[in-house]
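Chemist: Take a look at run.cif, mmCIF, C-alpha atoms:
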```
data_data
#
loop_
_atom_site.label_atom_id
_atom_site.label_comp_id
_atom_site.auth_asym_id
_atom_site.auth_seq_id
_atom_site.Cartn_x
_atom_site.Cartn_y
_atom_site.Cartn_z
CA LEU A 10 0.00 0.00 0.00
CA ALA A 11 1.35 3.44 -0.97
CA GLY A 12 -0.03 6.92 -0.40
CA SER A 13 0.85 10.39 -1.67
CA ASP A 14 0.39 13.94 -0.44
CA ASP A 15 -2.61 14.54 -2.74
CA GLY A 16 -4.63 12.01 -0.70
CA THR A 17 -4.53 9.14 -3.19
CA ILE A 18 -3.87 5.51 -2.26
CA ARG A 19 -2.56 2.70 -4.44
CA VAL A 20 -2.72 -0.96 -3.41
CA TRP A 21 -0.30 -3.43 -5.00
CA ASP A 22 -0.24 -7.22 -5.04
CA GLY A 23 2.17 -9.90 -6.23
CA LEU A 24 5.23 -8.83 -4.22
CA LEU A 25 5.64 -12.35 -2.78
CA ASP A 26 5.25 -15.72 -4.43
CA GLY A 27 3.40 -18.71 -3.02
CA PHE A 28 6.39 -19.66 -0.81
CA GLY A 29 6.67 -16.24 0.85
CA GLN A 30 9.72 -15.23 -1.19
CA MET A 31 10.15 -12.10 -3.32
CA SER A 32 8.45 -12.72 -6.64
CA ASN A 33 10.37 -12.39 -9.91
CA ASP A 34 7.28 -10.98 -11.57
CA PRO A 35 6.51 -7.26 -11.34
CA PRO A 36 3.81 -6.30 -8.79
CA ARG A 37 0.37 -5.49 -10.13
CA LEU A 38 -1.89 -2.59 -9.19
CA VAL A 39 -5.15 -3.94 -7.73
CA SER A 40 -6.80 -0.72 -6.53
CA ALA A 41 -6.35 3.06 -6.61
CA PHE A 42 -8.60 5.71 -5.12
CA SER A 43 -8.66 9.06 -3.29
CA ALA A 44 -8.69 8.22 0.43
CA ALA A 45 -8.74 11.89 1.48
CA PRO A 46 -10.13 13.96 -1.41
CA ASP A 47 -9.99 17.24 0.50
CA ILE A 48 -6.18 17.13 0.84
CA ARG A 49 -4.33 19.34 -1.63
CA ALA A 50 -0.91 18.27 -2.86
CA GLY A 51 1.99 20.47 -1.77
CA LYS A 52 0.04 22.20 0.99
CA ARG A 53 2.05 22.85 4.14
CA GLY A 54 1.29 20.33 6.87
CA SER A 55 1.35 16.58 7.40
CA GLY A 56 -0.02 15.54 4.00
CA LEU A 57 -1.64 12.08 4.03
CA VAL A 58 -1.41 9.96 7.22
CA THR A 59 -2.65 6.37 7.20
CA GLU A 60 -3.09 3.36 9.46
CA TRP A 61 -3.54 0.07 7.60
CA GLN A 62 -5.16 -2.76 9.54
CA GLN A 63 -4.07 -5.51 7.20
CA PHE A 64 -5.68 -8.31 9.22
CA ASN A 65 -9.21 -7.00 8.49
CA GLY A 66 -8.70 -4.98 5.31
CA ARG A 67 -9.44 -1.62 6.92
CA LEU A 68 -7.60 1.57 6.03
CA ILE A 69 -7.83 4.68 8.21
CA ALA A 70 -6.81 7.91 6.48
CA GLY A 71 -6.34 11.46 7.75
CA GLY A 72 -3.77 14.22 7.69
CA ASN A 73 -4.23 17.75 6.36
CA SER A 74 -7.97 17.36 6.75
CA ASN A 75 -10.72 17.93 9.30
CA LEU A 76 -11.96 14.39 8.71
CA ILE A 77 -10.65 10.90 9.41
CA ARG A 78 -12.03 8.34 6.97
CA CYS A 79 -12.32 4.59 7.52
CA TRP A 80 -12.16 2.55 4.31
CA ASP A 81 -13.17 -1.03 3.70
CA LEU A 82 -10.61 -2.05 1.08
CA GLU A 83 -12.34 -5.30 0.22
CA ALA A 84 -15.59 -3.51 -0.63
CA GLU A 85 -13.70 -0.39 -1.84
CA ARG A 86 -15.97 1.98 0.03
CA CYS A 87 -15.78 4.52 2.87
CA ALA A 88 -17.35 2.78 5.86
CA ASN A 89 -17.30 5.75 8.26
CA THR A 90 -16.15 9.33 8.59
CA LEU A 91 -14.97 10.89 11.87
CA GLU A 92 -14.63 14.61 12.61
CA SER A 93 -11.41 15.76 14.25
CA ASN A 94 -12.93 18.96 15.66
CA VAL A 95 -9.43 20.38 16.08
CA GLY A 96 -7.80 23.27 14.26
CA ALA A 97 -4.67 21.19 13.64
CA CYS A 98 -3.69 18.47 11.18
CA VAL A 99 -3.42 14.77 12.02
CA THR A 100 0.24 13.73 12.19
CA SER A 101 -0.05 10.09 13.33
CA LEU A 102 -2.59 7.26 13.61
CA THR A 103 -2.27 4.00 15.50
CA THR A 104 -4.57 1.12 16.45
CA ALA A 105 -4.76 -0.05 20.07
CA TRP A 106 -4.56 -3.65 18.87
CA ASP A 107 -1.63 -5.73 17.71
CA PHE A 108 -0.39 -9.21 16.89
CA ASP A 109 0.67 -11.12 20.02
CA MET A 110 3.46 -13.48 18.99
CA PHE A 111 4.19 -14.66 22.53
CA GLY A 112 0.88 -15.18 24.30
CA SER A 113 -1.45 -16.27 21.51
CA ASN A 114 -2.48 -19.69 20.34
CA GLY A 115 -3.00 -18.57 16.77
CA ILE A 116 -5.86 -17.29 14.68
CA GLY A 117 -9.19 -18.88 15.41
CA SER A 118 -8.14 -20.32 18.76
CA GLY A 119 -11.04 -18.71 20.60
CA GLY A 120 -11.04 -16.61 23.74
CA ALA A 121 -12.65 -13.32 24.72
CA LEU A 122 -12.29 -10.28 22.49
CA GLY A 123 -9.07 -8.53 23.43
CA SER A 124 -7.62 -11.55 25.19
CA PRO A 125 -4.26 -12.98 24.04
CA THR A 126 -6.03 -16.08 22.73
CA SER A 127 -8.48 -14.15 20.56
CA ARG A 128 -7.45 -14.49 16.91
CA GLY A 129 -3.78 -14.23 17.89
CA TYR A 130 -4.04 -10.52 18.73
CA SER A 131 -4.06 -8.55 21.96
CA GLY A 132 -5.06 -5.07 23.01
CA ILE A 133 -8.11 -2.93 23.59
CA GLY A 134 -9.73 -3.64 20.23
CA PRO A 135 -9.26 -3.11 16.50
CA ASP A 136 -11.89 -0.35 16.46
CA ILE A 137 -10.02 1.94 18.86
CA VAL A 138 -7.66 4.38 17.10
CA VAL A 139 -5.45 7.06 18.60
CA ALA A 140 -4.71 10.17 16.52
CA GLY A 141 -1.87 12.59 17.19
CA TYR A 142 -2.01 16.21 16.07
CA SER A 143 0.37 18.98 15.12
CA ASP A 144 -0.54 20.99 18.23
CA GLY A 145 0.47 18.15 20.57
CA ASN A 146 -3.02 16.83 21.29
CA LEU A 147 -4.02 13.17 21.25
CA LYS A 148 -7.56 11.99 20.60
CA VAL A 149 -9.11 8.54 20.91
CA PHE A 150 -11.63 7.44 18.27
CA ASP A 151 -13.92 4.44 17.92
CA VAL A 152 -14.31 3.82 14.19
CA ARG A 153 -17.78 2.37 14.83
CA ALA A 154 -18.99 5.70 16.23
CA LYS A 155 -20.50 8.47 14.14
CA ARG A 156 -18.27 11.50 13.56
CA SER A 157 -17.00 11.98 17.13
CA PRO A 158 -14.17 10.86 19.46
CA VAL A 159 -14.61 8.30 22.23
CA GLY A 160 -16.23 9.54 25.42
CA ASN A 161 -15.27 8.62 28.97
CA THR A 162 -18.19 8.55 31.43
CA SER A 163 -17.76 10.07 34.88
CA MET A 164 -20.15 10.08 37.82
CA VAL A 165 -21.17 13.41 39.39
CA ASP A 166 -23.34 14.08 42.49
CA THR A 167 -26.39 16.28 41.90
CA ASN A 168 -29.37 17.27 44.08
CA SER A 169 -32.74 15.81 43.17
CA ARG A 170 -36.14 17.46 43.82
CA ASN A 171 -36.65 15.85 47.21
CA GLY A 172 -33.29 17.06 48.47
CA SER A 173 -31.54 13.71 48.25
CA VAL A 174 -28.32 13.16 46.38
CA ARG A 175 -28.28 11.18 43.16
CA ARG A 176 -25.50 10.41 40.72
CA SER A 177 -25.69 11.42 37.05
CA ARG A 178 -23.44 10.42 34.19
CA HIS A 179 -21.50 13.01 32.20
CA LYS A 180 -19.44 12.29 29.13
CA ARG A 181 -15.89 13.59 28.67
CA LEU A 182 -14.09 13.34 25.37
CA MET A 183 -10.97 11.21 25.45
CA GLN A 184 -8.42 13.88 24.63
CA TYR A 185 -4.93 14.35 26.03
CA ALA A 186 -3.05 17.66 25.89
CA GLU A 187 0.19 17.06 27.79
CA HIS A 188 2.50 17.35 24.76
CA GLU A 189 3.36 20.88 23.66
CA SER A 190 4.53 20.29 20.08
CA TRP A 191 3.97 18.25 16.91
CA ILE A 192 3.29 14.55 17.57
CA VAL A 193 5.96 12.63 15.66
CA ASN A 194 4.43 9.18 16.09
CA THR A 195 2.20 7.05 18.27
CA ALA A 196 2.63 3.32 18.88
CA PHE A 197 0.88 0.53 20.75
CA THR A 198 2.77 -2.00 22.86
CA THR A 199 1.60 -5.15 24.65
CA PHE A 200 4.96 -6.02 26.18
CA GLY A 201 4.61 -7.24 29.77
CA GLY A 202 0.83 -7.16 29.50
CA ARG A 203 0.87 -3.36 29.66
CA ASN A 204 -1.36 -2.53 26.64
CA GLU A 205 -0.03 1.02 26.50
CA ILE A 206 0.06 3.76 23.90
CA ALA A 207 3.36 5.61 23.50
CA SER A 208 3.53 9.04 21.91
CA GLY A 209 6.54 11.20 21.08
CA CYS A 210 6.71 14.84 20.06
CA VAL A 211 9.24 17.09 18.36
CA ALA A 212 10.30 18.52 21.75
CA GLY A 213 12.00 15.18 22.52
CA ASP A 214 9.72 13.69 25.19
CA ILE A 215 7.88 10.36 25.04
CA LYS A 216 4.76 9.70 27.11
CA PHE A 217 3.09 6.38 27.90
CA TRP A 218 -0.67 6.18 28.27
CA ASP A 219 -3.26 3.81 29.67
CA LEU A 220 -6.40 4.82 27.78
CA ARG A 221 -8.50 4.20 30.88
CA MET A 222 -6.68 7.05 32.64
CA GLN A 223 -6.94 10.80 32.13
CA GLU A 224 -3.19 11.42 32.59
CA SER A 225 -0.01 9.85 31.23
CA LEU A 226 1.63 7.06 33.23
CA ARG A 227 5.21 8.25 32.78
CA THR A 228 7.37 10.55 30.66
CA LEU A 229 10.81 9.98 29.16
CA ASP A 230 12.93 12.96 28.11
CA VAL A 231 15.09 11.16 25.56
CA GLN A 232 16.82 13.99 23.66
CA ARG A 233 17.31 17.73 23.59
CA SER A 234 17.46 18.16 19.83
CA PRO A 235 14.17 18.01 17.91
CA MET A 236 12.82 14.48 17.44
CA THR A 237 11.97 13.71 13.82
CA ALA A 238 11.22 9.96 13.99
CA LEU A 239 9.99 7.45 16.57
CA ALA A 240 9.47 3.68 16.42
CA MET A 241 8.60 1.05 19.02
CA HIS A 242 9.11 -2.70 18.66
CA PRO A 243 5.79 -4.54 19.13
CA GLY A 244 7.30 -7.59 20.85
CA ILE A 245 10.62 -6.48 22.38
CA PRO A 246 11.00 -3.72 25.00
CA LEU A 247 12.86 -1.42 22.61
CA LEU A 248 12.15 1.97 21.12
CA SER A 249 14.14 4.13 18.77
CA THR A 250 14.24 7.87 18.10
CA GLY A 251 15.79 9.89 15.31
CA SER A 252 16.87 13.50 15.07
CA HIS A 253 17.67 16.08 12.42
CA ALA A 254 20.98 16.39 14.33
CA GLN A 255 22.02 13.19 12.51
CA PHE A 256 21.80 10.46 15.13
CA ILE A 257 19.60 7.50 16.08
CA LYS A 258 19.01 6.41 19.67
CA ILE A 259 17.97 2.92 20.72
CA LEU A 260 16.47 2.81 24.21
CA SER A 261 14.68 0.52 26.62
CA LEU A 262 11.10 1.29 27.63
CA ASP A 263 12.50 2.65 30.90
CA GLY A 264 14.49 5.28 29.04
CA ASP A 265 17.94 3.71 29.33
CA THR A 266 20.05 4.49 26.25
CA LEU A 267 21.38 1.24 24.77
CA GLN A 268 23.10 2.62 21.68
CA VAL A 269 23.59 5.84 19.74
CA ILE A 270 24.21 5.57 15.99
CA ARG A 271 25.93 8.51 14.28
CA TYR A 272 27.89 7.01 11.37
CA HIS A 273 27.27 4.61 8.50
CA GLU A 274 29.17 1.39 9.24
CA GLU A 275 29.71 0.52 5.57
CA ILE A 276 30.86 4.03 4.60
CA SER A 277 33.92 4.97 6.63
CA GLY A 278 33.67 8.33 8.39
CA GLN A 279 30.34 9.37 6.86
CA ARG A 280 27.67 10.68 9.22
CA ILE A 281 24.11 9.56 8.74
CA GLY A 282 21.79 12.24 7.40
CA PRO A 283 18.95 13.93 9.28
CA VAL A 284 16.67 11.02 10.20
CA SER A 285 13.24 11.08 8.59
CA CYS A 286 11.74 7.64 9.40
CA LEU A 287 12.29 4.56 11.56
CA CYS A 288 10.60 1.15 11.59
CA PHE A 289 11.17 -2.08 13.54
CA HIS A 290 10.61 -5.54 12.08
CA PRO A 291 7.40 -6.91 13.67
CA HIS A 292 9.09 -10.10 14.93
CA LYS A 293 12.89 -9.77 14.65
CA PRO A 294 15.34 -7.35 16.35
CA LEU A 295 15.88 -5.38 13.14
CA LEU A 296 15.58 -1.62 12.68
CA ALA A 297 15.21 0.14 9.33
CA ALA A 298 16.13 3.83 9.13
CA GLY A 299 15.72 6.37 6.39
CA ALA A 300 17.34 9.80 6.20
CA THR A 301 17.46 12.80 3.92
CA ASP A 302 20.83 11.63 2.53
CA GLU A 303 18.81 9.16 0.40
CA ILE A 304 20.29 6.14 2.23
CA VAL A 305 18.17 3.45 3.86
CA SER A 306 20.00 1.48 6.56
CA LEU A 307 19.16 -1.81 8.27
CA TYR A 308 20.52 -2.39 11.80
CA SER A 309 20.71 -5.66 13.75
CA PRO A 310 22.32 -6.65 17.09
CA ASP A 311 26.00 -7.53 17.03
CA ALA A 312 26.59 -11.28 16.81
CA LYS A 313 28.81 -12.03 19.79
#
```
What does the file become when written as structure tokens?
Modeler:
Amino acid sequence: LAGSDDGTIRVWDGLLDGFGQMSNDPPRLVSAFSAAPDIRAGKRGSGLVTEWQQFNGRLIAGGNSNLIRCWDLEAERCANTLESNVGACVTSLTTAWDFDMFGSNGIGSGGALGSPTSRGYSGIGPDIVVAGYSDGNLKVFDVRAKRSPVGNTSMVDTNSRNGSVRRSRHKRLMQYAEHESWIVNTAFTTFGGRNEIASGCVAGDIKFWDLRMQESLRTLDVQRSPMTALAMHPGIPLLSTGSHAQFIKILSLDGDTLQVIRYHEEISGQRIGPVSCLCFHPHKPLLAAGATDEIVSLYSPDAK
């Protein structure tokens, strides 16, 4: 799946053969459509931001738009549209639901929804999506809802007509405003049974959230220079940050720095460029990094 800053999406097939190896045949285009038709190419902002739930064929698209659209790729139709209600662009989208390679018994093994034995996934649910914004806000959406974020119900004491006290229910929108700058990325982790959302902003701080709480659980100040990329491994307690100051940090979830990468190993003496993107392999301890020097690097642990 590939997207562009004019809001269009192209879906390709045929990358792998029947044995899971790279196919010798060229990939074929199976679908192309405008996922966010109100986004204008070249306009200043985040462009097109997507979250692809490959296990159920759902694509969530936002970005330089006041709307977040949920697409059913199998039916090739927009299943729902959500309103951001924020005067800022969407910069990241993540699902509070992920593959559990350690605690699951595989797809179709049964179990309650959200339990490690349910379809081989774990988390809150595939319908819960967290959006990060350019002003530092985070919002929680349920893609089954109609055009509004998720609400959290609180109980408040009020006086009834006979003078007794009764409890009424008031709805608060699930919105977090602890970050003060552009959200670089958001990620969901199930490591240790935590089921937490991590969010990082340009200011260099990373916050961890339990979506049942109104405040963050903890904050890591990982770097002083602006953060331009953030990735979290779904199955290993590792996260990585990148900076325009030409370095990559690999850290534990407690904030301990494990390694700092500043130079290309295969090119003697050459610094890496300003980091633009990072991504961990979903199962292996491998990190891919892209930078503005047009070099893509793949990092693995030292074999000792």
Chemist: Given the choices A:Gly251, A:Arg280, A:Gly132, A:His242, which gets closest to Pro294 in chain A if the distance is worked out from only C-alpha atoms?
Modeler: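 Once distances to Pro294 in chain A are computed over only C-alpha atoms, the minimum belongs to A:His242.
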Chemist: Using the chain letters and residue numbers of this document, give as an MDAnalysis selection string the residues selected by the PyMOL selection byres ((chain A and resi 220) around 12).
Modeler: chainID A and resid 105 132:134 137:139 147:150 159:161 182:185 197 203:207 217:219 221:226
Chemist: List the neighbours of range 264-266 of chain A out to 12 Å using all atoms listed in the file; skip same-chain residues closer than 6 positions along the sequence, and give me the result as a count of residues only.
Modeler: 17
Chemist: Figure out the distance between CA of Gly66 in chain A and CA of Asn89 in chain A, please, to one decimal in Å.
Modeler: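 Straight-line distance from CA of Asn89 in chain A to CA of Gly66 in chain A works out to 14.1 Å.
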Chemist: For a cutoff of 6 Å around the file-coordinate point (17.5, 14.3, 17.9), which residues qualify once you count all atoms listed in the file? I'd like the result as a CSV table (one decimal) with C-alpha atoms, keeping the file's coordinate frame.
Modeler:
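Dumped to result08.csv:
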```
chain,number,residue,atom,x,y,z
A,232,GLN,CA,16.8,14.0,23.7
A,234,SER,CA,17.5,18.2,19.8
A,235,PRO,CA,14.2,18.0,17.9
A,236,MET,CA,12.8,14.5,17.4
A,251,GLY,CA,15.8,9.9,15.3
A,252,SER,CA,16.9,13.5,15.1
A,253,HIS,CA,17.7,16.1,12.4
A,254,ALA,CA,21.0,16.4,14.3
```
Chemist: Quick one: of A:Asn65, A:Asn73, A:Ser101, A:Ser190, who's nearest to Pro135 in chain A, counting all atoms listed in the file?
Modeler: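 So, comparing all the options, the nearest one is A:Asn65.
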Chemist: Calculate how many Å separate CA of Ile77 in chain A from CA of Glu187 in chain A, rounding to one decimal.
Modeler: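 Straight-line distance from CA of Ile77 in chain A to CA of Glu187 in chain A works out to 22.2 Å.
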Chemist: May I have the residues at most 7 Å from (-9.0, 4.6, -4.6) in the file's coordinates, counting all atoms listed in the file, as a PDB file with C-alpha atoms, in the frame of the given file?
Modeler:
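Everything below was put into out.pdb:
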```
ATOM      1  CA  THR A  17      -4.530   9.140  -3.190  1.00  0.00           C
ATOM      2  CA  ILE A  18      -3.870   5.510  -2.260  1.00  0.00           C
ATOM      3  CA  ARG A  19      -2.560   2.700  -4.440  1.00  0.00           C
ATOM      4  CA  SER A  40      -6.800  -0.720  -6.530  1.00  0.00           C
ATOM      5  CA  ALA A  41      -6.350   3.060  -6.610  1.00  0.00           C
ATOM      6  CA  PHE A  42      -8.600   5.710  -5.120  1.00  0.00           C
ATOM      7  CA  SER A  43      -8.660   9.060  -3.290  1.00  0.00           C
ATOM      8  CA  ALA A  44      -8.690   8.220   0.430  1.00  0.00           C
TER       9      ALA A  44
END
```
Chemist: May I have the residues within 10 Å of Thr90 in chain A as a list in words, using only C-alpha atoms and disregarding those fewer than 2 positions away in the same chain?
Modeler: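 The neighbour list is Ile69, Ala70, Leu76, Ile77, Arg78, Cys79, Trp80, Cys87, Ala88, Glu92, Ser93, Val152, Arg153, Ala154, Lys155, Arg156 and Ser157 of chain A.
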Chemist: Given 8 Å of margin on each side, can you work out the centre and size in Å (one decimal) of an axis-aligned box holding every listed atom of range 278-285 of chain A, as AutoDock Vina command-line options?
Modeler:
```
--center_x 23.5 --center_y 11.1 --center_z 8.5 --size_x 36.4 --size_y 21.6 --size_z 19.3
```
Chemist: Name the residues in contact with Gly56 in chain A at a cut-off of 10 Å, using only C-alpha atoms, excluding same-chain residues fewer than 2 positions from it; report them as a PyMOL selection string.
Modeler: chain A and resi 12-16+45+48-54+58+71-74+98-100
Chemist: What is the distance, in Å and to one decimal place, between CA of Glu60 in chain A and CA of Asp81 in chain A?
Modeler: 12.4 Å
Chemist: Taking all atoms listed in the file into account, which of A:Met31, A:Ile245, A:Leu287, A:Ala196 comes nearest Leu102 in chain A?
Modeler: A:Ala196
Chemist: Find the residues around Ala297 in chain A up to 12 Å (all atoms listed in the file counted), leave out those fewer than 6 positions away in its own chain, and share them as a VMD selection string.
Modeler: chain A and resid 238 to 242 249 to 251 257 284 to 291 304 to 309
